[in-house]
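To be precise, the following lines are work27.cif, and they hold mmCIF, C-alpha atoms and all ligand atoms.
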data_data
#
loop_
_atom_site.label_atom_id
_atom_site.label_comp_id
_atom_site.auth_asym_id
_atom_site.auth_seq_id
_atom_site.Cartn_x
_atom_site.Cartn_y
_atom_site.Cartn_z
CA MET A 1 0.00 0.00 0.00
CA VAL A 2 1.36 3.40 -0.97
CA ARG A 3 0.07 6.43 0.97
CA GLU A 4 0.94 9.94 2.01
CA TRP A 5 2.72 9.85 5.33
CA ASP A 6 3.49 12.45 7.98
CA PRO A 7 6.57 11.68 10.07
CA ARG A 8 5.37 14.08 12.79
CA THR A 9 2.38 11.86 13.62
CA ALA A 10 3.76 8.47 12.50
CA SER A 11 3.96 5.71 15.11
CA SER A 12 7.32 4.87 16.65
CA ALA A 13 7.08 1.42 15.00
CA GLU A 14 6.84 3.06 11.57
CA ILE A 15 9.81 5.31 12.24
CA ALA A 16 11.80 2.26 13.43
CA SER A 17 10.83 0.30 10.32
CA LEU A 18 11.85 3.18 8.05
CA LEU A 19 15.19 3.25 9.85
CA ASP A 20 15.62 -0.49 9.11
CA THR A 21 14.94 0.14 5.43
CA LEU A 22 17.34 3.06 5.31
CA ASN A 23 20.05 0.92 6.89
CA ALA A 24 19.35 -1.95 4.48
CA VAL A 25 19.76 0.55 1.61
CA LEU A 26 23.04 1.83 3.05
CA ALA A 27 24.35 -1.71 3.57
CA ALA A 28 23.54 -2.53 -0.08
CA ASP A 29 24.64 0.71 -1.75
CA LEU A 30 27.15 2.41 0.58
CA PRO A 31 28.49 -0.37 2.81
CA GLN A 32 31.34 1.80 4.16
CA ASP A 33 28.89 4.37 5.56
CA PRO A 34 27.90 4.05 9.22
CA PRO A 35 24.34 2.86 9.83
CA TRP A 36 21.87 5.50 11.01
CA ARG A 37 20.38 5.63 14.51
CA GLU A 38 16.89 6.50 15.61
CA SER A 39 17.94 9.60 17.59
CA SER A 40 16.02 12.61 16.26
CA LEU A 41 15.10 10.69 13.07
CA ARG A 42 11.49 11.88 13.30
CA GLU A 43 12.70 15.49 13.62
CA TYR A 44 15.20 14.96 10.80
CA LEU A 45 12.34 13.88 8.55
CA SER A 46 9.85 16.54 9.60
CA GLU A 47 11.62 19.80 10.47
CA VAL A 48 12.12 22.31 7.63
CA MET A 49 13.23 25.89 7.13
CA PRO A 50 10.51 28.58 7.37
CA GLY A 51 8.67 28.75 4.05
CA GLU A 52 9.66 25.24 2.99
CA ARG A 53 7.48 22.13 2.97
CA ARG A 54 8.40 18.47 2.84
CA ILE A 55 5.73 16.04 1.65
CA SER A 56 6.29 12.30 2.15
CA TRP A 57 4.78 9.02 0.98
CA VAL A 58 5.55 5.46 2.04
CA ALA A 59 5.04 2.03 0.55
CA GLN A 60 4.10 -0.26 3.40
CA ALA A 61 3.71 -4.05 3.51
CA GLU A 62 0.49 -5.63 4.83
CA PRO A 63 0.08 -5.56 8.65
CA THR A 64 1.86 -8.40 10.43
CA ALA A 65 -0.03 -11.49 11.66
CA GLY A 66 0.07 -10.02 15.18
CA GLY A 67 -1.63 -6.83 13.97
CA GLY A 68 1.54 -4.70 13.97
CA PRO A 69 2.16 -2.21 11.15
CA GLY A 70 3.63 -3.64 7.97
CA ALA A 71 7.28 -2.98 7.15
CA MET A 72 8.20 0.19 5.27
CA LEU A 73 9.33 -1.03 1.86
CA GLY A 74 9.83 2.35 0.28
CA HIS A 75 9.78 6.04 1.04
CA VAL A 76 9.81 9.24 -0.99
CA HIS A 77 9.78 12.84 0.01
CA VAL A 78 9.90 16.05 -1.92
CA LEU A 79 11.14 19.22 -0.27
CA LEU A 80 9.47 22.23 -1.86
CA LEU A 81 11.82 25.18 -1.61
CA GLY A 82 11.85 28.34 -3.69
CA ASP A 83 10.92 27.19 -7.17
CA ILE A 84 12.46 23.73 -7.04
CA GLY A 85 11.40 20.41 -5.53
CA VAL A 86 14.20 18.29 -4.08
CA LEU A 87 13.45 14.59 -4.19
CA GLU A 88 14.70 11.64 -2.14
CA VAL A 89 13.57 8.08 -2.81
CA LEU A 90 14.43 4.83 -1.03
CA VAL A 91 13.36 1.30 -1.90
CA HIS A 92 14.30 -1.65 0.30
CA PRO A 93 16.83 -3.84 -1.57
CA THR A 94 14.45 -6.83 -1.41
CA SER A 95 11.68 -4.83 -3.13
CA ARG A 96 13.68 -3.33 -5.99
CA ARG A 97 13.06 -3.66 -9.74
CA THR A 98 9.32 -4.13 -9.27
CA GLY A 99 8.42 -0.58 -10.32
CA LEU A 100 8.04 0.72 -6.76
CA GLY A 101 10.68 3.44 -7.13
CA ARG A 102 8.96 4.68 -10.29
CA ASP A 103 5.53 4.67 -8.52
CA LEU A 104 6.91 6.72 -5.63
CA VAL A 105 8.52 9.27 -7.94
CA ARG A 106 5.23 9.51 -9.87
CA LEU A 107 3.38 10.57 -6.69
CA ALA A 108 5.94 13.18 -5.71
CA ALA A 109 6.19 14.52 -9.28
CA ARG A 110 2.41 14.83 -9.63
CA ARG A 111 2.22 16.84 -6.41
CA ALA A 112 5.10 19.12 -7.41
CA TYR A 113 3.36 19.64 -10.76
CA GLN A 114 0.00 20.44 -9.13
CA GLU A 115 1.72 22.95 -6.86
CA GLY A 116 3.21 24.73 -9.86
CA PHE A 117 6.83 23.65 -9.48
CA ARG A 118 8.78 23.51 -12.73
CA SER A 119 11.87 21.56 -11.83
CA ILE A 120 12.85 18.65 -9.59
CA GLY A 121 16.40 18.01 -8.42
CA VAL A 122 17.92 15.00 -6.74
CA GLU A 123 21.30 13.99 -5.30
CA VAL A 124 22.50 10.74 -6.83
CA VAL A 125 25.36 8.74 -5.41
CA GLY A 126 27.83 7.48 -8.01
CA GLU A 127 28.12 3.71 -8.61
CA THR A 128 24.71 2.93 -7.11
CA PRO A 129 21.51 1.74 -8.85
CA ALA A 130 20.11 5.26 -8.46
CA VAL A 131 22.19 6.44 -11.45
CA ALA A 132 20.48 4.07 -13.92
CA PHE A 133 17.13 4.66 -12.21
CA TYR A 134 17.08 8.46 -12.58
CA GLU A 135 18.53 8.29 -16.08
CA ALA A 136 15.77 5.83 -17.06
CA LEU A 137 13.26 8.36 -15.73
CA GLY A 138 14.73 11.11 -17.94
CA PHE A 139 16.67 13.10 -15.31
CA SER A 140 19.88 14.70 -16.56
CA ARG A 141 23.15 15.21 -14.76
CA GLU A 142 23.77 18.87 -13.85
CA TYR A 143 26.73 18.83 -11.54
CA VAL A 144 29.26 16.38 -10.12
CA GLU A 145 31.15 16.61 -6.85
CA THR A 146 33.56 14.22 -5.19
CA ARG A 147 32.83 12.99 -1.70
CA SER A 148 35.96 12.49 0.41
CA VAL A 149 36.22 10.89 3.82
CA LEU A 150 38.77 11.56 6.55
CA ASP A 151 39.52 8.71 8.94
CA LEU A 152 40.39 10.43 12.23
CA SER A 153 42.37 7.42 13.47
CA ALA A 154 44.85 8.03 10.63
CA VAL A 155 45.37 11.75 11.32
CA GLY A 156 48.85 12.97 12.33
CA TRP A 157 47.78 15.14 15.25
CA THR A 158 51.17 16.78 15.83
CA ALA A 159 51.42 17.97 12.23
CA LEU A 160 47.80 19.07 12.42
CA ALA A 161 48.45 21.18 15.53
CA GLU A 162 51.22 22.97 13.59
CA MET A 163 48.90 23.60 10.63
CA ALA A 164 46.30 25.06 12.99
CA THR A 165 48.66 27.83 14.11
CA ALA A 166 50.34 28.47 10.74
CA VAL A 167 48.22 31.49 9.90
CA SER A 168 49.67 34.93 9.07
CA ALA A 169 49.84 37.61 11.77
CA GLY A 170 46.75 39.83 11.97
CA TYR A 171 44.20 37.02 12.11
CA ARG A 172 42.55 35.43 15.13
CA VAL A 173 41.08 31.93 14.86
CA GLU A 174 38.01 31.16 17.01
CA PHE A 175 36.10 27.95 17.69
CA CYS A 176 32.32 28.43 18.01
CA PRO A 177 30.41 25.29 19.01
CA GLY A 178 26.69 25.64 18.21
CA GLY A 179 27.09 28.37 15.57
CA PRO A 180 28.56 31.85 15.13
CA PRO A 181 28.09 34.20 18.10
CA ASP A 182 25.23 36.65 17.65
CA ASP A 183 27.48 39.69 17.24
CA LEU A 184 29.21 38.02 14.28
CA ILE A 185 26.09 36.82 12.44
CA ASP A 186 26.11 39.77 10.00
CA ALA A 187 29.83 39.45 9.23
CA TYR A 188 29.38 35.69 8.85
CA ALA A 189 26.47 36.10 6.44
CA ARG A 190 28.55 38.60 4.41
CA ALA A 191 31.35 36.03 4.07
CA LYS A 192 28.83 33.46 2.86
CA ALA A 193 27.35 35.97 0.40
CA GLU A 194 30.73 36.23 -1.30
CA VAL A 195 30.57 32.63 -2.44
CA ARG A 196 26.91 32.82 -3.32
CA ASP A 197 27.59 32.62 -7.04
CA VAL A 198 29.72 29.55 -6.59
CA ASP A 199 26.95 27.86 -4.63
CA ASP A 200 24.20 28.67 -7.10
CA GLY A 201 22.82 25.52 -8.62
CA GLU A 202 23.56 23.36 -5.61
CA LEU A 203 20.81 21.58 -3.73
CA ARG A 204 22.29 22.61 -0.39
CA PRO A 205 21.80 26.37 -0.54
CA SER A 206 24.12 28.55 1.45
CA SER A 207 22.65 31.04 3.93
CA TYR A 208 23.92 34.45 2.96
CA ASP A 209 21.25 36.61 4.55
CA PRO A 210 21.49 37.09 8.38
CA GLN A 211 17.87 36.06 9.03
CA ARG A 212 18.18 33.06 6.74
CA LEU A 213 21.38 32.10 8.51
CA ARG A 214 19.63 32.25 11.92
CA ASP A 215 16.74 30.18 10.55
CA SER A 216 19.12 27.68 9.06
CA LEU A 217 21.02 27.22 12.35
CA ASP A 218 17.75 26.89 14.21
CA THR A 219 16.51 24.27 11.72
CA LEU A 220 19.75 22.30 12.03
CA HIS A 221 19.37 22.19 15.83
CA ARG A 222 15.71 21.10 15.54
CA ARG A 223 16.73 18.27 13.16
CA GLY A 224 19.23 16.96 15.71
CA MET A 225 22.26 18.22 13.80
CA LYS A 226 24.91 19.95 15.90
CA PRO A 227 26.87 22.67 14.08
CA TYR A 228 30.48 23.55 14.90
CA ILE A 229 32.20 26.56 13.36
CA VAL A 230 35.76 27.84 13.23
CA LEU A 231 36.23 31.47 12.18
CA ALA A 232 39.27 33.46 11.12
CA ILE A 233 38.72 37.08 12.12
CA HIS A 234 40.78 39.83 10.52
CA GLU A 235 41.73 41.68 13.69
CA ARG A 236 42.13 45.19 12.27
CA THR A 237 38.73 45.31 10.53
CA GLY A 238 36.79 42.67 12.49
CA VAL A 239 35.61 41.02 9.25
CA VAL A 240 35.11 37.28 9.04
CA ALA A 241 37.97 36.43 6.68
CA GLY A 242 37.33 32.70 6.68
CA LEU A 243 34.98 30.14 8.09
CA THR A 244 34.52 26.41 8.15
CA GLU A 245 31.43 24.51 9.25
CA VAL A 246 31.07 20.90 10.44
CA VAL A 247 27.81 19.30 11.51
CA VAL A 248 27.55 16.24 13.75
CA PRO A 249 24.16 14.62 13.11
CA ALA A 250 22.49 12.68 15.93
CA GLN A 251 21.49 10.13 13.26
CA HIS A 252 25.12 9.16 12.48
CA PRO A 253 27.28 10.83 15.13
CA THR A 254 30.43 8.84 14.31
CA ARG A 255 30.62 10.47 10.86
CA ALA A 256 30.37 14.26 10.70
CA ASP A 257 29.55 16.32 7.62
CA GLN A 258 31.83 19.13 6.53
CA TYR A 259 29.64 21.93 5.15
CA ASP A 260 31.00 25.20 3.72
CA THR A 261 34.59 26.34 3.99
CA ILE A 262 35.08 29.88 2.76
CA VAL A 263 38.05 32.22 2.63
CA MET A 264 37.12 35.73 1.50
CA GLN A 265 38.81 36.82 -1.71
CA ASP A 266 40.96 39.56 -0.07
CA HIS A 267 42.22 37.17 2.58
CA ARG A 268 43.45 34.32 0.42
CA GLY A 269 47.10 33.29 0.48
CA TYR A 270 47.55 33.67 4.29
CA GLY A 271 47.14 30.01 5.29
CA ILE A 272 43.59 30.50 6.58
CA ASP A 273 41.94 27.54 4.82
CA ARG A 274 44.40 24.97 6.17
CA ALA A 275 44.53 26.56 9.65
CA ILE A 276 40.78 26.73 10.25
CA LYS A 277 40.19 23.17 9.04
CA ALA A 278 43.04 21.84 11.18
CA ARG A 279 41.76 23.75 14.22
CA MET A 280 38.28 22.32 13.63
CA LEU A 281 39.59 18.74 13.68
CA LEU A 282 41.55 19.39 16.88
CA GLU A 283 38.48 20.87 18.58
CA LEU A 284 36.20 18.05 17.40
CA ARG A 285 38.59 15.51 18.84
CA SER A 286 37.78 16.73 22.33
CA ALA A 287 34.20 17.99 21.77
CA GLU A 288 33.01 14.75 20.09
CA PRO A 289 35.11 11.87 21.41
CA THR A 290 33.07 9.21 19.56
CA LEU A 291 33.58 10.88 16.19
CA ALA A 292 35.56 8.60 13.84
CA GLU A 293 35.25 10.20 10.39
CA VAL A 294 34.43 13.45 8.61
CA GLN A 295 33.01 13.56 5.09
CA THR A 296 33.15 16.45 2.68
CA TRP A 297 31.97 17.26 -0.86
CA ASN A 298 33.98 19.28 -3.34
CA ALA A 299 33.63 20.35 -6.94
CA GLN A 300 36.21 18.49 -8.99
CA ALA A 301 37.46 21.84 -10.36
CA ASN A 302 38.21 23.19 -6.89
CA GLU A 303 41.87 22.18 -6.92
CA ALA A 304 42.99 24.44 -4.06
CA MET A 305 40.43 22.96 -1.66
CA LEU A 306 41.15 19.40 -2.81
CA LYS A 307 44.86 19.96 -2.17
CA VAL A 308 44.30 21.15 1.41
CA ASN A 309 41.92 18.26 2.04
CA ALA A 310 44.51 15.77 0.76
CA GLU A 311 47.13 17.29 3.13
CA LEU A 312 44.71 16.83 6.02
CA GLY A 313 44.29 13.17 5.06
CA TYR A 314 40.93 13.13 3.19
CA ARG A 315 40.63 10.29 0.67
CA ALA A 316 38.32 10.57 -2.36
CA ASP A 317 35.40 8.20 -1.90
CA ARG A 318 32.96 8.48 -4.80
CA GLU A 319 31.10 10.78 -7.15
CA TRP A 320 28.09 12.65 -5.80
CA CYS A 321 25.91 14.04 -8.58
CA GLU A 322 23.01 16.41 -8.92
CA TYR A 323 20.39 15.49 -11.47
CA SER A 324 17.34 17.46 -12.48
CA VAL A 325 14.26 17.11 -14.62
CA ASP A 326 11.47 19.30 -15.93
CA VAL A 327 8.42 18.42 -13.81
CA ALA A 328 5.87 18.56 -16.64
CA ASP A 329 8.04 16.27 -18.80
CA LEU A 330 8.46 13.83 -15.93
CA VAL A 331 4.74 13.74 -15.11
CA HIS A 332 3.85 13.12 -18.76
CA ARG A 333 6.50 10.45 -19.12
CA LEU A 334 5.33 8.58 -15.99
CA ASP A 335 1.64 9.27 -16.45
CA PRO A 336 1.03 9.51 -20.21
CA ALA A 337 -2.77 9.68 -19.71
CA ARG A 338 -2.50 13.11 -17.98
C1 LIG B 1 17.06 3.96 -7.06
C2 LIG B 1 15.94 3.13 -6.42
C3 LIG B 1 14.96 4.08 -5.74
C4 LIG B 1 15.21 2.35 -7.55
O1 LIG B 1 14.08 1.72 -7.00
P1 LIG B 1 13.36 0.47 -7.77
O2 LIG B 1 12.05 0.28 -7.10
O3 LIG B 1 14.29 -0.65 -7.86
O4 LIG B 1 13.16 1.11 -9.23
P2 LIG B 1 12.09 0.61 -10.34
O5 LIG B 1 11.82 -0.82 -10.20
O6 LIG B 1 10.92 1.55 -10.30
O7 LIG B 1 12.95 0.87 -11.66
C5 LIG B 1 12.54 1.76 -12.70
C6 LIG B 1 13.57 1.71 -13.81
O8 LIG B 1 14.82 2.26 -13.35
C7 LIG B 1 15.90 1.54 -13.96
N1 LIG B 1 16.67 0.87 -12.92
C8 LIG B 1 16.38 0.77 -11.60
N2 LIG B 1 17.35 0.10 -10.95
C9 LIG B 1 18.24 -0.26 -11.87
C10 LIG B 1 19.45 -0.99 -11.81
N3 LIG B 1 19.90 -1.51 -10.67
N4 LIG B 1 20.13 -1.18 -12.96
C11 LIG B 1 19.69 -0.70 -14.13
N5 LIG B 1 18.54 0.00 -14.26
C12 LIG B 1 17.83 0.22 -13.13
C13 LIG B 1 15.26 0.53 -14.91
O9 LIG B 1 15.10 1.16 -16.17
C14 LIG B 1 13.91 0.30 -14.25
O10 LIG B 1 12.93 -0.15 -15.14
P3 LIG B 1 12.83 -1.75 -15.46
O11 LIG B 1 12.93 -2.49 -14.16
O12 LIG B 1 11.50 -1.86 -16.11
O13 LIG B 1 13.99 -2.05 -16.36
C15 LIG B 1 16.51 2.08 -5.41
O14 LIG B 1 17.53 1.36 -6.02
C16 LIG B 1 17.05 2.75 -4.15
O15 LIG B 1 16.36 2.89 -3.16
N6 LIG B 1 18.28 3.16 -4.17
C17 LIG B 1 18.86 3.92 -3.06
C18 LIG B 1 18.60 5.37 -3.31
C19 LIG B 1 19.26 6.30 -2.33
O16 LIG B 1 18.79 7.38 -2.13
N7 LIG B 1 20.31 6.01 -1.75
C20 LIG B 1 20.93 6.99 -0.86
C21 LIG B 1 21.82 6.29 0.04
S1 LIG B 1 22.77 5.17 -0.90
#
Show me, as structure tokens, the structure contained in the file I just sent.
Ligand SMILES: CC(C)(COP(=O)(O)OP(=O)(O)OC[C@H]1O[C@@H](n2cnc3c(N)ncnc32)[C@H](O)[C@@H]1OP(=O)(O)O)[C@@H](O)C(=O)NCCC(=O)NCCS
Amino acid sequence: MVREWDPRTASSAEIASLLDTLNAVLAADLPQDPPWRESSLREYLSEVMPGERRISWVAQAEPTAGGGPGAMLGHVHVLLLGDIGVLEVLVHPTSRRTGLGRDLVRLAARRAYQEGFRSIGVEVVGETPAVAFYEALGFSREYVETRSVLDLSAVGWTALAEMATAVSAGYRVEFCPGGPPDDLIDAYARAKAEVRDVDDGELRPSSYDPQRLRDSLDTLHRRGMKPYIVLAIHERTGVVAGLTEVVVPAQHPTRADQYDTIVMQDHRGYGIDRAIKARMLLELRSAEPTLAEVQTWNAQANEAMLKVNAELGYRADREWCEYSVDVADLVHRLDPAR
């Protein structure tokens, strides 16, 4: 049975079953990734930024003989933000190639179409069945990044401590667990605005407006995702010259996600990128003692960033692609009668 589903009101048994399916998908498609935990999973699935909506559907097996809810065999959600819908689909490995994935996408696409959305985007992990799936559905590849993973047990901490202090005179490096301090929000947002053009087209939009930045931090906290930030402050002017962001999600707290790292144009060439990332790893080592890995995504053309990441010990893992499709085309392809 396929039906619209609201994670806010779903039973705990349904949330637990969805977690099992997600972990079965990870074991099949990304076996090196840590399994997810139930902590804040409901909030992760339901909390959104102001003005955004996430609509979900599930495919559920028949109730069990004992009357318990049937297992979650598939799940789709579409996050409606701005003028784009961002899709995520999961089908349990034992239920694949029966047309379920296509049925779930059809539901989400129809809704996006009815709501007037023109385009749907999706993140597709390289070397998984999702590539052939989305290509069969007519999605096209827009953008490719490389995911890299840093194994903290292989880090040379002494060398890292040197990197953390190797920043030119005139800059102060600060660790801010939880997010930037309130008096630096405007300067922080300005630094993010500088890379706005670079970020355009990505499915993970950067927050370059102070209010949007506050909302985004608040949403992260509500979803059970703990942000850590290291800033480089230019002491003479007080501007945020560089920043790096790492998030530790309650759902997989042994593997953190590196978000943006930005060094403002006028402050490049002073060792800030390497120093702030090294300082972040040193701080995380004590703030999050169970953390084992950090993952990051970079454009393949971003050679400077890839070089620093390689020095820190990041190893390229796999391609991470963004695909998109015109909603009307997709609806007509999946639902020719409409
Ligand atoms: C991608 C995914 C949703 C496909 O679900 P599915 O129910 O197996 O897909 P369908 O049966 O609807 O397939 C539709 C079409 O896609 C294509 N396709 C799907 N899987 C394919 C595969 N493994 N190889 C080649 N083509 C494939 C085929 O053209 C298929 O049509 P056909 O079976 O008539 O030939 C499923 O594999 C999945 O959940 N993957 C994980 C997705 C994810 O988000 N992962 C993130 C963490 S890894």
Using all atoms listed in the file, determine which residues lie at most 12 Å from A:Leu243, disregarding the query and same-chain residues fewer than 3 positions distant; provide the list as a ChimeraX atom specification.
-> /A:172-176,179-180,184-185,187-192,194-195,228-234,239-240,246,258-264,267,272-280
Which residue gives the smallest distance to ligand LIG 1 (chain B) among A:Arg285, A:Arg54, A:Arg3, A:Arg318, with all atoms listed in the file counted?
-> A:Arg318
Could the residues that lie within 9 Å of ligand LIG 1 (chain B), counting all atoms listed in the file, be listed as a PyMOL selection string?
-> chain A and resi 22-23+25-31+33+74-76+88-105+122-125+128-137
Same residues, C-alpha atoms, saved as a CSV table (one decimal), in the coordinates of the input:
chain,number,residue,atom,x,y,z
A,22,LEU,CA,17.3,3.1,5.3
A,23,ASN,CA,20.0,0.9,6.9
A,25,VAL,CA,19.8,0.6,1.6
A,26,LEU,CA,23.0,1.8,3.0
A,27,ALA,CA,24.4,-1.7,3.6
A,28,ALA,CA,23.5,-2.5,-0.1
A,29,ASP,CA,24.6,0.7,-1.8
A,30,LEU,CA,27.2,2.4,0.6
A,31,PRO,CA,28.5,-0.4,2.8
A,33,ASP,CA,28.9,4.4,5.6
A,74,GLY,CA,9.8,2.4,0.3
A,75,HIS,CA,9.8,6.0,1.0
A,76,VAL,CA,9.8,9.2,-1.0
A,88,GLU,CA,14.7,11.6,-2.1
A,89,VAL,CA,13.6,8.1,-2.8
A,90,LEU,CA,14.4,4.8,-1.0
A,91,VAL,CA,13.4,1.3,-1.9
A,92,HIS,CA,14.3,-1.6,0.3
A,93,PRO,CA,16.8,-3.8,-1.6
A,94,THR,CA,14.4,-6.8,-1.4
A,95,SER,CA,11.7,-4.8,-3.1
A,96,ARG,CA,13.7,-3.3,-6.0
A,97,ARG,CA,13.1,-3.7,-9.7
A,98,THR,CA,9.3,-4.1,-9.3
A,99,GLY,CA,8.4,-0.6,-10.3
A,100,LEU,CA,8.0,0.7,-6.8
A,101,GLY,CA,10.7,3.4,-7.1
A,102,ARG,CA,9.0,4.7,-10.3
A,103,ASP,CA,5.5,4.7,-8.5
A,104,LEU,CA,6.9,6.7,-5.6
A,105,VAL,CA,8.5,9.3,-7.9
A,122,VAL,CA,17.9,15.0,-6.7
A,123,GLU,CA,21.3,14.0,-5.3
A,124,VAL,CA,22.5,10.7,-6.8
A,125,VAL,CA,25.4,8.7,-5.4
A,128,THR,CA,24.7,2.9,-7.1
A,129,PRO,CA,21.5,1.7,-8.8
A,130,ALA,CA,20.1,5.3,-8.5
A,131,VAL,CA,22.2,6.4,-11.4
A,132,ALA,CA,20.5,4.1,-13.9
A,133,PHE,CA,17.1,4.7,-12.2
A,134,TYR,CA,17.1,8.5,-12.6
A,135,GLU,CA,18.5,8.3,-16.1
A,136,ALA,CA,15.8,5.8,-17.1
A,137,LEU,CA,13.3,8.4,-15.7
Pick the closest to A:Glu47 from A:Arg141, A:Arg223, A:Arg106, A:His332: which is it, counting only C-alpha atoms?
->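 Checking each of A:Arg141, A:Arg223, A:Arg106, A:His332 against A:Glu47, counting only C-alpha atoms, the winner is A:Arg223.
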Would you compute, for all listed atoms of stretch 247-257 of chain A, the axis-aligned bounding box grown by 6 Å on each side, and then report its centre and edge lengths in Å rounded to one decimal, as JSON?
{"center_x": 26.1, "center_y": 14.1, "center_z": 11.8, "size_x": 21.1, "size_y": 22.5, "size_z": 20.3}
Mind listing whatever residues come within 12 Å of the point (8.1, 26.0, 2.9)? Use all atoms listed in the file, file coordinates, and give them as a count of residues only.
-> 18
For A:Ala256, the closest of A:Val294, A:Ala241, A:Ala287, A:Leu281 counting only C-alpha atoms is A:Val294
Expressed in Å to a single decimal, how great is the separation between atom CA of A:Arg268 and atom CA of A:Ala169?
-> 13.4 Å
Compile the contact shell of A:Leu18 as a count of residues only: residues with an atom at most 12 Å away, counting only C-alpha atoms, same-chain residues fewer than 5 positions apart removed.
-> 31
At what distance in Å, to one decimal, does atom CA of A:Cys321 lie from atom CA of A:Arg147?
->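 It comes out at 9.8 Å.
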Between atom CA of A:Ser286 and atom CA of A:Leu152, what is the distance, to one decimal in Å?
->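 Result for atom CA of A:Ser286 versus atom CA of A:Leu152: 12.2 Å, one decimal.
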Can you pull out every residue within 9 Å of stretch 304-309 of chain A, counting all atoms listed in the file, but drop anything in the same chain fewer than 2 positions away, and send it as a VMD selection string?
-> chain A and resid 148 150 261 273 to 274 277 296 298 to 302 311 to 315
Selected residues written out with C-alpha atoms, as a short mmCIF file (atom, residue, chain, number, x, y, z; two decimals), in the coordinates of the input:
data_model
loop_
_atom_site.label_atom_id
_atom_site.label_comp_id
_atom_site.auth_asym_id
_atom_site.auth_seq_id
_atom_site.Cartn_x
_atom_site.Cartn_y
_atom_site.Cartn_z
CA SER A 148 35.96 12.49 0.41
CA LEU A 150 38.77 11.56 6.55
CA THR A 261 34.59 26.34 3.99
CA ASP A 273 41.94 27.54 4.82
CA ARG A 274 44.40 24.97 6.17
CA LYS A 277 40.19 23.17 9.04
CA THR A 296 33.15 16.45 2.68
CA ASN A 298 33.98 19.28 -3.34
CA ALA A 299 33.63 20.35 -6.94
CA GLN A 300 36.21 18.49 -8.99
CA ALA A 301 37.46 21.84 -10.36
CA ASN A 302 38.21 23.19 -6.89
CA GLU A 311 47.13 17.29 3.13
CA LEU A 312 44.71 16.83 6.02
CA GLY A 313 44.29 13.17 5.06
CA TYR A 314 40.93 13.13 3.19
CA ARG A 315 40.63 10.29 0.67
#
For A:Pro336, which residue out of A:Arg255, A:Ala154, A:Gly67, A:Arg110 is the nearest one, using all atoms listed in the file?
-> A:Arg110
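Proximity of A:Asp182, A:Asp151, A:Glu4, A:Glu283 to A:His77, computed with all atoms listed in the file, is greatest for A:Glu4.
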Find, counting all atoms listed in the file, the residue in A:Val331, A:Val325, A:Val248, A:Ala16 that gets nearest to A:Gly138.
->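 Ranking A:Val331, A:Val325, A:Val248, A:Ala16 by distance to A:Gly138, first place goes to A:Val325.
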